[in-house]
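Just target.cif here, mmCIF, C-alpha atoms:
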data_final
#
loop_
_atom_site.group_PDB
_atom_site.id
_atom_site.type_symbol
_atom_site.label_atom_id
_atom_site.label_comp_id
_atom_site.auth_asym_id
_atom_site.auth_seq_id
_atom_site.Cartn_x
_atom_site.Cartn_y
_atom_site.Cartn_z
ATOM 1 C CA MET A 1 171.161 -44.018 -8.579
ATOM 2 C CA VAL A 2 169.617 -40.945 -10.189
ATOM 3 C CA TRP A 3 169.552 -39.133 -6.846
ATOM 4 C CA SER A 4 173.333 -39.346 -6.602
ATOM 5 C CA TYR A 5 173.609 -37.207 -9.740
ATOM 6 C CA LEU A 6 171.447 -34.363 -8.401
ATOM 7 C CA PRO A 7 174.332 -32.508 -6.672
ATOM 8 C CA LEU A 8 176.294 -32.648 -9.935
ATOM 9 C CA PHE A 9 173.308 -31.309 -11.874
ATOM 10 C CA PHE A 10 172.997 -28.530 -9.303
ATOM 11 C CA SER A 11 176.686 -27.659 -9.750
ATOM 12 C CA ILE A 12 176.351 -27.562 -13.533
ATOM 13 C CA ILE A 13 173.286 -25.300 -13.403
ATOM 14 C CA PHE A 14 174.960 -23.034 -10.849
ATOM 15 C CA PHE A 15 178.081 -22.965 -13.016
ATOM 16 C CA LEU A 16 176.170 -21.982 -16.164
ATOM 17 C CA ILE A 17 174.261 -19.250 -14.343
ATOM 18 C CA SER A 18 177.413 -17.821 -12.781
ATOM 19 C CA LEU A 19 179.245 -18.042 -16.111
ATOM 20 C CA TYR A 20 176.493 -16.028 -17.769
ATOM 21 C CA VAL A 21 176.489 -13.482 -14.936
ATOM 22 C CA ASN A 22 180.262 -13.143 -15.192
ATOM 23 C CA SER A 23 180.053 -12.700 -18.967
ATOM 24 C CA PHE A 24 177.287 -10.116 -18.626
ATOM 25 C CA VAL A 25 179.259 -8.145 -16.042
ATOM 26 C CA GLN A 26 182.327 -8.365 -18.292
ATOM 27 C CA VAL A 27 180.484 -6.324 -20.906
ATOM 28 C CA LEU A 28 179.439 -3.734 -18.335
ATOM 29 C CA ALA A 29 182.935 -3.542 -16.860
ATOM 30 C CA ASP A 30 184.477 -3.228 -20.301
ATOM 31 C CA ARG A 31 182.264 -0.261 -21.143
ATOM 32 C CA ASN A 32 183.270 1.431 -17.896
ATOM 33 C CA SER A 33 186.951 0.727 -18.445
ATOM 34 C CA PRO A 34 189.204 3.817 -18.775
ATOM 35 C CA TYR A 35 190.654 3.089 -22.228
ATOM 36 C CA TRP A 36 192.231 6.547 -22.323
ATOM 37 C CA ILE A 37 194.514 5.789 -19.366
ATOM 38 C CA PRO A 38 197.934 4.328 -20.276
ATOM 39 C CA THR A 39 198.838 0.805 -19.253
ATOM 40 C CA LEU A 40 199.904 0.544 -15.629
ATOM 41 C CA PRO A 41 203.549 -0.242 -14.783
ATOM 42 C CA ASP A 42 203.937 -4.001 -14.426
ATOM 43 C CA ILE A 43 207.059 -5.953 -13.549
ATOM 44 C CA GLY A 44 205.767 -9.109 -15.232
ATOM 45 C CA HIS A 45 205.248 -7.217 -18.483
ATOM 46 C CA ARG A 46 208.715 -5.764 -18.155
ATOM 47 C CA LEU A 47 210.421 -9.108 -17.578
ATOM 48 C CA LEU A 48 208.545 -11.243 -20.110
ATOM 49 C CA PRO A 49 208.776 -10.536 -23.849
ATOM 50 C CA TYR A 50 205.513 -9.439 -25.420
ATOM 51 C CA TRP A 51 203.807 -12.260 -27.321
ATOM 52 C CA THR A 52 201.025 -11.101 -29.613
ATOM 53 C CA TYR A 53 199.280 -14.472 -29.948
ATOM 54 C CA PHE A 54 196.911 -13.968 -27.008
ATOM 55 C CA SER A 55 194.514 -16.686 -28.260
ATOM 56 C CA ILE A 56 196.952 -19.217 -26.813
ATOM 57 C CA ASN A 57 195.357 -18.516 -23.432
ATOM 58 C CA ASN A 58 191.970 -19.858 -24.538
ATOM 59 C CA TYR A 59 193.497 -22.976 -26.088
ATOM 60 C CA TYR A 60 195.654 -23.610 -23.042
ATOM 61 C CA LEU A 61 192.654 -23.199 -20.767
ATOM 62 C CA LEU A 62 190.602 -25.604 -22.866
ATOM 63 C CA ALA A 63 193.413 -28.161 -22.751
ATOM 64 C CA ALA A 64 193.600 -27.963 -18.945
ATOM 65 C CA PHE A 65 189.827 -28.338 -18.658
ATOM 66 C CA VAL A 66 189.691 -31.351 -20.975
ATOM 67 C CA LEU A 67 192.611 -33.047 -19.217
ATOM 68 C CA VAL A 68 190.756 -32.938 -15.902
ATOM 69 C CA LEU A 69 187.661 -34.419 -17.534
ATOM 70 C CA ILE A 70 189.689 -37.219 -19.109
ATOM 71 C CA ARG A 71 191.584 -37.843 -15.879
ATOM 72 C CA TYR A 72 188.495 -38.503 -13.745
ATOM 73 C CA ILE A 73 185.608 -39.407 -16.031
ATOM 74 C CA PHE A 74 186.585 -43.089 -16.120
ATOM 75 C CA GLN A 75 187.163 -43.330 -12.368
ATOM 76 C CA ARG A 76 183.676 -44.195 -11.241
ATOM 77 C CA ASP A 77 184.416 -44.296 -7.541
ATOM 78 C CA ILE A 78 185.173 -40.575 -7.191
ATOM 79 C CA ARG A 79 184.242 -38.832 -10.438
ATOM 80 C CA LEU A 80 180.931 -37.450 -9.140
ATOM 81 C CA ILE A 81 182.695 -36.084 -6.067
ATOM 82 C CA VAL A 82 185.454 -34.429 -8.069
ATOM 83 C CA PHE A 83 183.253 -32.941 -10.771
ATOM 84 C CA ARG A 84 180.564 -31.519 -8.504
ATOM 85 C CA ARG A 85 183.088 -29.803 -6.219
ATOM 86 C CA TRP A 86 185.299 -28.621 -9.059
ATOM 87 C CA ILE A 87 182.385 -27.108 -10.983
ATOM 88 C CA PHE A 88 180.754 -25.672 -7.853
ATOM 89 C CA ILE A 89 183.910 -23.864 -6.745
ATOM 90 C CA GLN A 90 184.456 -22.600 -10.288
ATOM 91 C CA ALA A 91 180.959 -21.107 -10.130
ATOM 92 C CA VAL A 92 181.704 -19.458 -6.782
ATOM 93 C CA MET A 93 184.841 -17.913 -8.266
ATOM 94 C CA PHE A 94 182.858 -16.543 -11.222
ATOM 95 C CA ILE A 95 180.522 -14.778 -8.795
ATOM 96 C CA MET A 96 183.495 -13.338 -6.924
ATOM 97 C CA ARG A 97 185.078 -12.204 -10.184
ATOM 98 C CA SER A 98 181.855 -10.558 -11.328
ATOM 99 C CA ILE A 99 181.947 -8.351 -8.252
ATOM 100 C CA SER A 100 185.658 -7.618 -8.564
ATOM 101 C CA ILE A 101 185.714 -6.527 -12.216
ATOM 102 C CA TYR A 102 182.632 -4.361 -11.770
ATOM 103 C CA VAL A 103 183.563 -2.397 -8.663
ATOM 104 C CA THR A 104 187.080 -1.417 -9.783
ATOM 105 C CA SER A 105 188.175 -0.572 -13.327
ATOM 106 C CA LEU A 106 191.809 -0.677 -14.378
ATOM 107 C CA SER A 107 193.387 0.477 -17.608
ATOM 108 C CA VAL A 108 193.623 -2.111 -20.376
ATOM 109 C CA PRO A 109 196.912 -4.094 -20.283
ATOM 110 C CA LEU A 110 196.750 -5.398 -23.881
ATOM 111 C CA PRO A 111 198.140 -2.850 -26.376
ATOM 112 C CA GLY A 112 195.656 -1.908 -29.080
ATOM 113 C CA CYS A 113 192.912 -4.135 -27.678
ATOM 114 C CA ASN A 114 189.534 -3.537 -29.292
ATOM 115 C CA THR A 115 186.461 -5.130 -27.776
ATOM 116 C CA THR A 116 184.187 -7.123 -30.053
ATOM 117 C CA ALA A 117 181.314 -7.126 -27.554
ATOM 118 C CA VAL A 118 179.539 -4.064 -28.945
ATOM 119 C CA GLY A 119 175.941 -5.274 -28.912
ATOM 120 C CA SER A 120 173.356 -5.573 -26.184
ATOM 121 C CA PRO A 121 174.987 -6.815 -22.940
ATOM 122 C CA PRO A 122 172.480 -9.655 -22.335
ATOM 123 C CA VAL A 123 173.143 -10.962 -25.854
ATOM 124 C CA GLU A 124 176.880 -10.339 -25.813
ATOM 125 C CA ALA A 125 177.129 -12.381 -22.618
ATOM 126 C CA PHE A 126 176.252 -15.515 -24.595
ATOM 127 C CA TYR A 127 178.898 -14.738 -27.215
ATOM 128 C CA ILE A 128 181.511 -14.254 -24.506
ATOM 129 C CA MET A 129 180.569 -17.533 -22.822
ATOM 130 C CA PHE A 130 181.576 -19.404 -25.978
ATOM 131 C CA PHE A 131 184.676 -17.277 -26.757
ATOM 132 C CA ILE A 132 183.023 -15.823 -29.870
ATOM 133 C CA HIS A 133 183.398 -12.226 -28.679
ATOM 134 C CA ALA A 134 185.928 -10.763 -26.271
ATOM 135 C CA THR A 135 186.285 -7.781 -23.978
ATOM 136 C CA CYS A 136 189.375 -5.882 -22.873
ATOM 137 C CA GLY A 137 188.607 -4.111 -19.605
ATOM 138 C CA ASP A 138 187.713 -7.013 -17.300
ATOM 139 C CA VAL A 139 191.084 -7.460 -15.683
ATOM 140 C CA LEU A 140 190.985 -7.637 -11.886
ATOM 141 C CA PHE A 141 191.212 -10.625 -11.391
ATOM 142 C CA SER A 142 192.061 -13.150 -14.119
ATOM 143 C CA GLY A 143 189.346 -15.688 -14.890
ATOM 144 C CA HIS A 144 191.759 -17.779 -16.954
ATOM 145 C CA THR A 145 194.055 -18.019 -13.939
ATOM 146 C CA VAL A 146 191.146 -19.152 -11.783
ATOM 147 C CA THR A 147 190.238 -22.012 -14.096
ATOM 148 C CA LEU A 148 193.859 -23.086 -14.582
ATOM 149 C CA THR A 149 194.381 -23.107 -10.825
ATOM 150 C CA LEU A 150 191.225 -25.082 -10.102
ATOM 151 C CA CYS A 151 192.182 -27.612 -12.770
ATOM 152 C CA ALA A 152 195.563 -28.062 -11.098
ATOM 153 C CA LEU A 153 193.969 -28.394 -7.670
ATOM 154 C CA ALA A 154 191.505 -30.981 -8.964
ATOM 155 C CA TRP A 155 194.471 -33.061 -10.096
ATOM 156 C CA THR A 156 196.600 -32.655 -6.997
ATOM 157 C CA THR A 157 193.914 -32.896 -4.305
ATOM 158 C CA TYR A 158 192.226 -36.121 -5.355
ATOM 159 C CA SER A 159 194.740 -38.153 -7.317
ATOM 160 C CA LYS A 160 196.488 -41.065 -5.619
ATOM 161 C CA GLY A 161 198.527 -41.938 -8.677
ATOM 162 C CA GLU A 162 195.723 -43.775 -10.478
ATOM 163 C CA GLU A 163 196.735 -42.015 -13.688
ATOM 164 C CA HIS A 164 199.687 -44.432 -13.798
ATOM 165 C CA TYR A 165 197.449 -47.513 -13.684
ATOM 166 C CA PRO A 166 196.724 -47.698 -17.432
ATOM 167 C CA ILE A 167 200.448 -47.591 -18.166
ATOM 168 C CA ARG A 168 201.138 -50.352 -15.647
ATOM 169 C CA TRP A 169 198.188 -52.356 -16.958
ATOM 170 C CA LEU A 170 199.471 -52.102 -20.538
ATOM 171 C CA TRP A 171 202.941 -53.071 -19.329
ATOM 172 C CA ASN A 172 201.555 -56.135 -17.572
ATOM 173 C CA ARG A 173 199.601 -57.093 -20.677
ATOM 174 C CA PHE A 174 202.774 -56.732 -22.715
ATOM 175 C CA LYS A 175 204.571 -58.947 -20.204
ATOM 176 C CA SER A 176 201.593 -61.369 -20.148
ATOM 177 C CA LYS A 177 200.955 -60.724 -16.461
ATOM 178 C CA THR A 178 197.466 -60.741 -14.955
ATOM 179 C CA GLN A 179 198.197 -59.320 -11.513
ATOM 180 C CA GLU A 180 195.879 -56.705 -10.024
ATOM 181 C CA ILE A 181 196.985 -53.090 -10.287
ATOM 182 C CA ILE A 182 197.195 -51.639 -6.781
ATOM 183 C CA PRO A 183 198.782 -48.446 -5.432
ATOM 184 C CA GLY A 184 202.492 -48.634 -4.764
ATOM 185 C CA ARG A 185 204.440 -47.157 -1.906
ATOM 186 C CA SER A 186 204.533 -43.387 -1.555
ATOM 187 C CA GLY A 187 207.344 -41.778 -3.491
ATOM 188 C CA TRP A 188 207.735 -40.333 -6.965
ATOM 189 C CA LEU A 189 204.774 -42.175 -8.476
ATOM 190 C CA TYR A 190 202.382 -42.238 -5.516
ATOM 191 C CA PRO A 191 201.635 -39.684 -2.801
ATOM 192 C CA GLN A 192 201.711 -40.303 0.908
ATOM 193 C CA LEU A 193 198.189 -40.633 2.355
ATOM 194 C CA ASP A 194 196.810 -39.174 5.565
ATOM 195 C CA SER A 195 194.887 -41.101 8.227
ATOM 196 C CA THR A 196 191.636 -40.939 6.228
ATOM 197 C CA GLY A 197 193.247 -42.093 2.982
ATOM 198 C CA ASP A 198 193.449 -38.697 1.276
ATOM 199 C CA PRO A 199 196.558 -37.665 -0.704
ATOM 200 C CA LEU A 200 198.944 -35.755 1.528
ATOM 201 C CA SER A 201 202.278 -35.277 -0.232
ATOM 202 C CA PHE A 202 203.584 -34.147 -3.602
ATOM 203 C CA TYR A 203 204.626 -36.721 -6.185
ATOM 204 C CA LEU A 204 205.589 -36.770 -9.864
ATOM 205 C CA THR A 205 202.168 -35.845 -11.245
ATOM 206 C CA THR A 206 201.886 -32.950 -8.797
ATOM 207 C CA TYR A 207 205.060 -31.354 -10.098
ATOM 208 C CA LEU A 208 204.109 -31.892 -13.739
ATOM 209 C CA VAL A 209 200.648 -30.403 -13.228
ATOM 210 C CA TRP A 210 201.947 -27.295 -11.492
ATOM 211 C CA ILE A 211 204.683 -26.795 -14.091
ATOM 212 C CA PHE A 212 201.983 -26.934 -16.770
ATOM 213 C CA THR A 213 199.861 -24.468 -14.784
ATOM 214 C CA ILE A 214 202.692 -22.003 -14.155
ATOM 215 C CA ILE A 215 203.489 -21.987 -17.871
ATOM 216 C CA GLY A 216 199.860 -21.003 -18.408
ATOM 217 C CA TYR A 217 200.265 -18.128 -15.945
ATOM 218 C CA LEU A 218 203.318 -16.930 -17.856
ATOM 219 C CA PHE A 219 201.390 -17.047 -21.142
ATOM 220 C CA ILE A 220 198.688 -14.835 -19.638
ATOM 221 C CA ILE A 221 201.246 -12.261 -18.524
ATOM 222 C CA ALA A 222 203.429 -12.434 -21.642
ATOM 223 C CA THR A 223 200.469 -11.866 -23.970
ATOM 224 C CA ARG A 224 199.438 -8.848 -21.844
ATOM 225 C CA PHE A 225 196.100 -10.574 -21.376
ATOM 226 C CA HIS A 226 196.198 -9.481 -17.738
ATOM 227 C CA TYR A 227 198.388 -7.621 -15.328
ATOM 228 C CA THR A 228 200.619 -9.716 -13.103
ATOM 229 C CA VAL A 229 198.528 -8.759 -10.072
ATOM 230 C CA ASP A 230 195.437 -10.163 -11.815
ATOM 231 C CA VAL A 231 197.168 -13.519 -12.142
ATOM 232 C CA PHE A 232 198.479 -13.412 -8.587
ATOM 233 C CA LEU A 233 195.073 -12.604 -7.103
ATOM 234 C CA GLY A 234 193.365 -15.165 -9.329
ATOM 235 C CA PHE A 235 195.706 -17.863 -8.060
ATOM 236 C CA LEU A 236 195.524 -16.745 -4.445
ATOM 237 C CA LEU A 237 191.735 -16.469 -4.260
ATOM 238 C CA SER A 238 191.208 -19.762 -6.078
ATOM 239 C CA HIS A 239 193.620 -21.611 -3.827
ATOM 240 C CA LEU A 240 192.188 -20.115 -0.631
ATOM 241 C CA THR A 241 188.598 -20.793 -1.706
ATOM 242 C CA TRP A 242 189.453 -24.380 -2.632
ATOM 243 C CA GLN A 243 191.251 -25.046 0.654
ATOM 244 C CA THR A 244 188.525 -23.347 2.693
ATOM 245 C CA TYR A 245 185.804 -25.428 1.082
ATOM 246 C CA HIS A 246 187.661 -28.693 1.636
ATOM 247 C CA TYR A 247 188.398 -27.809 5.251
ATOM 248 C CA TYR A 248 184.733 -26.982 5.701
ATOM 249 C CA ILE A 249 183.444 -30.288 4.335
ATOM 250 C CA LYS A 250 185.867 -32.198 6.547
ATOM 251 C CA THR A 251 184.123 -30.598 9.542
ATOM 252 C CA LEU A 252 180.536 -30.937 8.309
ATOM 253 C CA ALA A 253 179.714 -33.565 10.920
ATOM 254 C CA GLU A 254 180.574 -31.132 13.704
ATOM 255 C CA ARG A 255 178.408 -28.402 12.137
ATOM 256 C CA ARG A 256 175.489 -30.622 11.109
ATOM 257 C CA ASN A 257 172.852 -28.571 12.984
ATOM 258 C CA ILE A 258 173.643 -25.339 11.107
ATOM 259 C CA ILE A 259 171.153 -24.630 8.318
ATOM 260 C CA ILE A 260 173.689 -24.032 5.522
ATOM 261 C CA THR A 261 175.550 -27.157 6.609
ATOM 262 C CA ARG A 262 172.454 -29.244 5.933
ATOM 263 C CA PHE A 263 172.647 -28.196 2.300
ATOM 264 C CA PHE A 264 176.282 -29.291 2.054
ATOM 265 C CA LEU A 265 175.546 -32.568 3.835
ATOM 266 C CA TRP A 266 173.086 -33.246 1.016
ATOM 267 C CA PHE A 267 175.465 -31.885 -1.609
ATOM 268 C CA GLU A 268 178.262 -34.150 -0.392
ATOM 269 C CA GLY A 269 175.985 -37.152 0.179
ATOM 270 C CA TYR A 270 176.985 -37.486 3.833
ATOM 271 C CA GLY A 271 173.546 -37.936 5.406
ATOM 272 C CA ARG A 272 173.696 -37.031 9.124
ATOM 273 C CA PRO A 273 176.924 -38.524 10.495
ATOM 274 C CA PRO A 274 177.806 -38.402 14.217
ATOM 275 C CA ALA A 275 179.712 -35.339 15.388
ATOM 276 C CA ASN A 276 182.902 -37.299 16.085
ATOM 277 C CA THR A 277 183.076 -38.794 12.592
ATOM 278 C CA SER A 278 186.315 -38.502 10.629
ATOM 279 C CA VAL A 279 185.691 -37.389 7.059
ATOM 280 C CA SER A 280 187.729 -38.315 3.999
ATOM 281 C CA LEU A 281 187.600 -36.015 0.986
ATOM 282 C CA LEU A 282 187.292 -39.055 -1.275
ATOM 283 C CA THR A 283 185.141 -41.519 0.662
ATOM 284 C CA GLY A 284 183.173 -39.328 3.057
ATOM 285 C CA PRO A 285 182.603 -40.198 6.733
ATOM 286 C CA THR A 286 184.856 -43.061 7.769
ATOM 287 C CA SER A 287 182.939 -44.216 10.862
ATOM 288 C CA ILE A 288 179.167 -44.071 10.907
ATOM 289 C CA ASN A 289 176.195 -45.543 12.672
ATOM 290 C CA PRO A 290 174.601 -48.571 10.979
ATOM 291 C CA GLU A 291 171.361 -46.695 10.364
ATOM 292 C CA GLN A 292 173.294 -43.988 8.504
ATOM 293 C CA SER A 293 175.110 -46.289 6.121
ATOM 294 C CA GLY A 294 172.288 -46.379 3.618
ATOM 295 C CA HIS A 295 172.398 -42.613 3.154
ATOM 296 C CA ILE A 296 176.090 -42.118 2.559
ATOM 297 C CA GLU A 297 177.955 -42.599 -0.688
ATOM 298 C CA THR A 298 180.668 -45.245 -0.521
ATOM 299 C CA HIS A 299 183.597 -45.655 -2.868
ATOM 300 C CA ASN A 300 186.318 -48.189 -3.539
ATOM 301 C CA ASP A 301 189.862 -47.242 -2.625
ATOM 302 C CA VAL A 302 191.517 -49.320 -5.329
ATOM 303 C CA VAL A 303 190.732 -48.946 -8.996
ATOM 304 C CA ASN A 304 191.740 -51.625 -11.446
ATOM 305 C CA PRO A 305 191.695 -50.521 -15.105
ATOM 306 C CA SER A 306 191.148 -54.110 -16.162
ATOM 307 C CA ASP A 307 187.801 -54.428 -14.394
ATOM 308 C CA ASP A 308 184.421 -52.908 -15.150
ATOM 309 C CA SER A 309 184.533 -50.291 -12.387
ATOM 310 C CA TYR A 310 187.272 -48.396 -14.184
ATOM 311 C CA THR A 311 185.581 -48.339 -17.550
#

For the structure just supplied, provide its representation as structure tokens.
Amino acid sequence: MVWSYLPLFFSIIFFLISLYVNSFVQVLADRNSPYWIPTLPDIGHRLLPYWTYFSINNYYLLAAFVLVLIRYIFQRDIRLIVFRRWIFIQAVMFIMRSISIYVTSLSVPLPGCNTTAVGSPPVEAFYIMFFIHATCGDVLFSGHTVTLTLCALAWTTYSKGEEHYPIRWLWNRFKSKTQEIIPGRSGWLYPQLDSTGDPLSFYLTTYLVWIFTIIGYLFIIATRFHYTVDVFLGFLLSHLTWQTYHYYIKTLAERRNIIITRFFLWFEGYGRPPANTSVSLLTGPTSINPEQSGHIETHNDVVNPSDDSYT
């Protein structure tokens, strides 16, 4: 049981290290930023009215982060899978951002921005990690956009509509019904599934999540927290990295003899499946040899909020 948590612990440690590195590089990038250069022309800044309350971006980001935690923390069958991948990819994006903000400096988009990270960079990095201090010159690309995008992708990649189960369960209790809560047909409330049982189509939650996320993007631009290109690149790189990783783990069985693949086979809990094995993002290899079954994580497809597995 404890061994199944090791990949998650690895992701958390990697995340904290990369977050510190990103914060440290933010201080360096900020001190190399050309504050004397005027703000660059930006269509997003021109179209959206300037909103001075830039702290809304931190609160919005925190809300998105907490919502993902609440969404999956009670779903025991997939929560370890979701959290370890979500945190791992966030860490990868922090490393990418550290390189990006350091190698190229842009002028500061926020009018009158004054950095509060004036101390020693190794110390200031800790203050930045906890939003106590802030910098101005770390713009290309937007870290807030990265986290918002990954939160949205965590919702839309793994959810089969289970977020509606508590509402249906409460409705059944109100109606004095005891029937099991199972997924309904694909449509507005439930996505269509592919051959391995992974969500394939958009449904109501998908639209709501992306509307919420796009509003966050607009806040970032309207508060002049970043240039529009910072938001665009943050979204694009996050989405491509997320999709690339998930494509890669679906083909792990075919690459199982490559050294780096062995790490991800451990990280994903797949053991050593046969090369022709189909892989589900939620349940892992779908056809395995009997001797491999003891080394691969298995998960239930149906979650009932009225039973112990959901709580």

Per-residue nearest contacts of range 38-135 of chain A to range 229-238 of chain A (9 Å; all atoms listed in the file) as JSON lines:
{"residue": "A:Asp42", "atom": "CA", "partner": "A:Val229", "partner_atom": "CA", "distance": 8.4}
{"residue": "A:Gly44", "atom": "CA", "partner": "A:Val229", "partner_atom": "CA", "distance": 8.9}
{"residue": "A:Ile89", "atom": "CA", "partner": "A:Ser238", "partner_atom": "CA", "distance": 8.4}
{"residue": "A:Gln90", "atom": "CA", "partner": "A:Ser238", "partner_atom": "CA", "distance": 8.4}
{"residue": "A:Met93", "atom": "CA", "partner": "A:Ser238", "partner_atom": "CA", "distance": 7.0}
{"residue": "A:Arg97", "atom": "CA", "partner": "A:Gly234", "partner_atom": "CA", "distance": 8.8}

**Message:** Give me the residues near His45 in chain A as a list in words, where near means some atom within 10 Å (using all atoms listed in the file) and where sequence neighbours in that chain fewer than 2 positions away do not count.
**Reply:** Leu40, Pro41, Asp42, Ile43, Leu47, Leu48, Pro49, Tyr50, Pro109, Leu218, Ile221, Ala222, Thr223, Arg224, His226, Tyr227 and Thr228 of chain A

Can you spit out the residues from that selection as a PDB file, in the frame of the given file, using C-alpha atoms?
ATOM      1  CA  LEU A  40     199.904   0.544 -15.629  1.00  0.00           C
ATOM      2  CA  PRO A  41     203.549  -0.242 -14.783  1.00  0.00           C
ATOM      3  CA  ASP A  42     203.937  -4.001 -14.426  1.00  0.00           C
ATOM      4  CA  ILE A  43     207.059  -5.953 -13.549  1.00  0.00           C
ATOM      5  CA  LEU A  47     210.421  -9.108 -17.578  1.00  0.00           C
ATOM      6  CA  LEU A  48     208.545 -11.243 -20.110  1.00  0.00           C
ATOM      7  CA  PRO A  49     208.776 -10.536 -23.849  1.00  0.00           C
ATOM      8  CA  TYR A  50     205.513  -9.439 -25.420  1.00  0.00           C
ATOM      9  CA  PRO A 109     196.912  -4.094 -20.283  1.00  0.00           C
ATOM     10  CA  LEU A 218     203.318 -16.930 -17.856  1.00  0.00           C
ATOM     11  CA  ILE A 221     201.246 -12.261 -18.524  1.00  0.00           C
ATOM     12  CA  ALA A 222     203.429 -12.434 -21.642  1.00  0.00           C
ATOM     13  CA  THR A 223     200.469 -11.866 -23.970  1.00  0.00           C
ATOM     14  CA  ARG A 224     199.438  -8.848 -21.844  1.00  0.00           C
ATOM     15  CA  HIS A 226     196.198  -9.481 -17.738  1.00  0.00           C
ATOM     16  CA  TYR A 227     198.388  -7.621 -15.328  1.00  0.00           C
ATOM     17  CA  THR A 228     200.619  -9.716 -13.103  1.00  0.00           C
TER      18      THR A 228
END

**Atom-to-atom span, CA of Ile78 in chain A and CA of Leu281 in chain A, Å** = 9.7 Å

**Request:** Using the chain letters and residue numbers of this document, give as a list in words the residues selected by the PyMOL selection byres ((chain A and resi 118) around 12).
**Result:** Gln26, Val27, Leu28, Asp30, Arg31, Asn114, Thr115, Thr116, Ala117, Gly119, Ser120, Pro121, Pro122, Val123, Glu124, Ala125, Tyr127, Ile128, His133, Ala134, Thr135 and Cys136 of chain A

Write the residues you've just listed into a file as an mmCIF file, keeping the file's coordinate frame, and include C-alpha atoms for each of them.
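The result, stored in part-v3.cif:
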data_model
loop_
_atom_site.group_PDB
_atom_site.id
_atom_site.type_symbol
_atom_site.label_atom_id
_atom_site.label_comp_id
_atom_site.auth_asym_id
_atom_site.auth_seq_id
_atom_site.Cartn_x
_atom_site.Cartn_y
_atom_site.Cartn_z
ATOM 1 C CA GLN A 26 182.327 -8.365 -18.292
ATOM 2 C CA VAL A 27 180.484 -6.324 -20.906
ATOM 3 C CA LEU A 28 179.439 -3.734 -18.335
ATOM 4 C CA ASP A 30 184.477 -3.228 -20.301
ATOM 5 C CA ARG A 31 182.264 -0.261 -21.143
ATOM 6 C CA ASN A 114 189.534 -3.537 -29.292
ATOM 7 C CA THR A 115 186.461 -5.130 -27.776
ATOM 8 C CA THR A 116 184.187 -7.123 -30.053
ATOM 9 C CA ALA A 117 181.314 -7.126 -27.554
ATOM 10 C CA GLY A 119 175.941 -5.274 -28.912
ATOM 11 C CA SER A 120 173.356 -5.573 -26.184
ATOM 12 C CA PRO A 121 174.987 -6.815 -22.940
ATOM 13 C CA PRO A 122 172.480 -9.655 -22.335
ATOM 14 C CA VAL A 123 173.143 -10.962 -25.854
ATOM 15 C CA GLU A 124 176.880 -10.339 -25.813
ATOM 16 C CA ALA A 125 177.129 -12.381 -22.618
ATOM 17 C CA TYR A 127 178.898 -14.738 -27.215
ATOM 18 C CA ILE A 128 181.511 -14.254 -24.506
ATOM 19 C CA HIS A 133 183.398 -12.226 -28.679
ATOM 20 C CA ALA A 134 185.928 -10.763 -26.271
ATOM 21 C CA THR A 135 186.285 -7.781 -23.978
ATOM 22 C CA CYS A 136 189.375 -5.882 -22.873
#

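For the residues A:Val92, A:Ile87, A:Ile215, A:Ile37, ranking by smallest atom-to-atom distance to Leu69 in chain A using only C-alpha atoms places A:Ile87 first.
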
**Request:** Could you tell me which residues the PyMOL selection byres ((chain A and resi 52-59) around 10) returns for this structure, as an MDAnalysis selection string?
**Result:** chainID A and resid 49:51 60:65 110:111 131 144:145 216:225

**Request:** Might you pull out every residue within 12 Å of Leu153 in chain A, with all atoms listed in the file counted and same-chain residues fewer than 6 positions away left off, and present them as a ChimeraX atom specification?
**Result:** /A:64-65,68,82,85-86,89-90,146-147,159,199,202,205-207,209-210,213,235,238-243,246

**Asked** Which one is closest to Phe83 in chain A: A:Asn32, A:Tyr158, A:Tyr248, A:Val108? Count all atoms listed in the file.
**Response** A:Tyr158

**Prompt:** Do you have the CA of Leu8 in chain A-CA of Ser142 in chain A distance handy?
**Reply:** 25.4 Å

**Asked** Just so the selection is clear, what residues does the PyMOL selection byres ((chain A and resi 250-257) around 8) cover here, as a PyMOL selection string?
**Response** chain A and resi 246-249+258-259+261-262+264-265+272-281

Go ahead and save the residues from that selection, with C-alpha atoms, as a short mmCIF file (atom, residue, chain, number, x, y, z; two decimals), in the coordinates of the input.
data_model
loop_
_atom_site.label_atom_id
_atom_site.label_comp_id
_atom_site.auth_asym_id
_atom_site.auth_seq_id
_atom_site.Cartn_x
_atom_site.Cartn_y
_atom_site.Cartn_z
CA HIS A 246 187.66 -28.69 1.64
CA TYR A 247 188.40 -27.81 5.25
CA TYR A 248 184.73 -26.98 5.70
CA ILE A 249 183.44 -30.29 4.34
CA ILE A 258 173.64 -25.34 11.11
CA ILE A 259 171.15 -24.63 8.32
CA THR A 261 175.55 -27.16 6.61
CA ARG A 262 172.45 -29.24 5.93
CA PHE A 264 176.28 -29.29 2.05
CA LEU A 265 175.55 -32.57 3.84
CA ARG A 272 173.70 -37.03 9.12
CA PRO A 273 176.92 -38.52 10.50
CA PRO A 274 177.81 -38.40 14.22
CA ALA A 275 179.71 -35.34 15.39
CA ASN A 276 182.90 -37.30 16.08
CA THR A 277 183.08 -38.79 12.59
CA SER A 278 186.32 -38.50 10.63
CA VAL A 279 185.69 -37.39 7.06
CA SER A 280 187.73 -38.32 4.00
CA LEU A 281 187.60 -36.02 0.99
#

**Item:** A:Val2, A:Ile211, A:Val139, A:Cys151 ranked by distance to Val103 in chain A, top pick (using only C-alpha atoms)
**Value:** A:Val139

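Restricting the calculation to only C-alpha atoms, the smallest distance between Gly284 in chain A and any of A:Ile81, A:Phe130, A:Trp36, A:Ser11 is found for A:Ile81.
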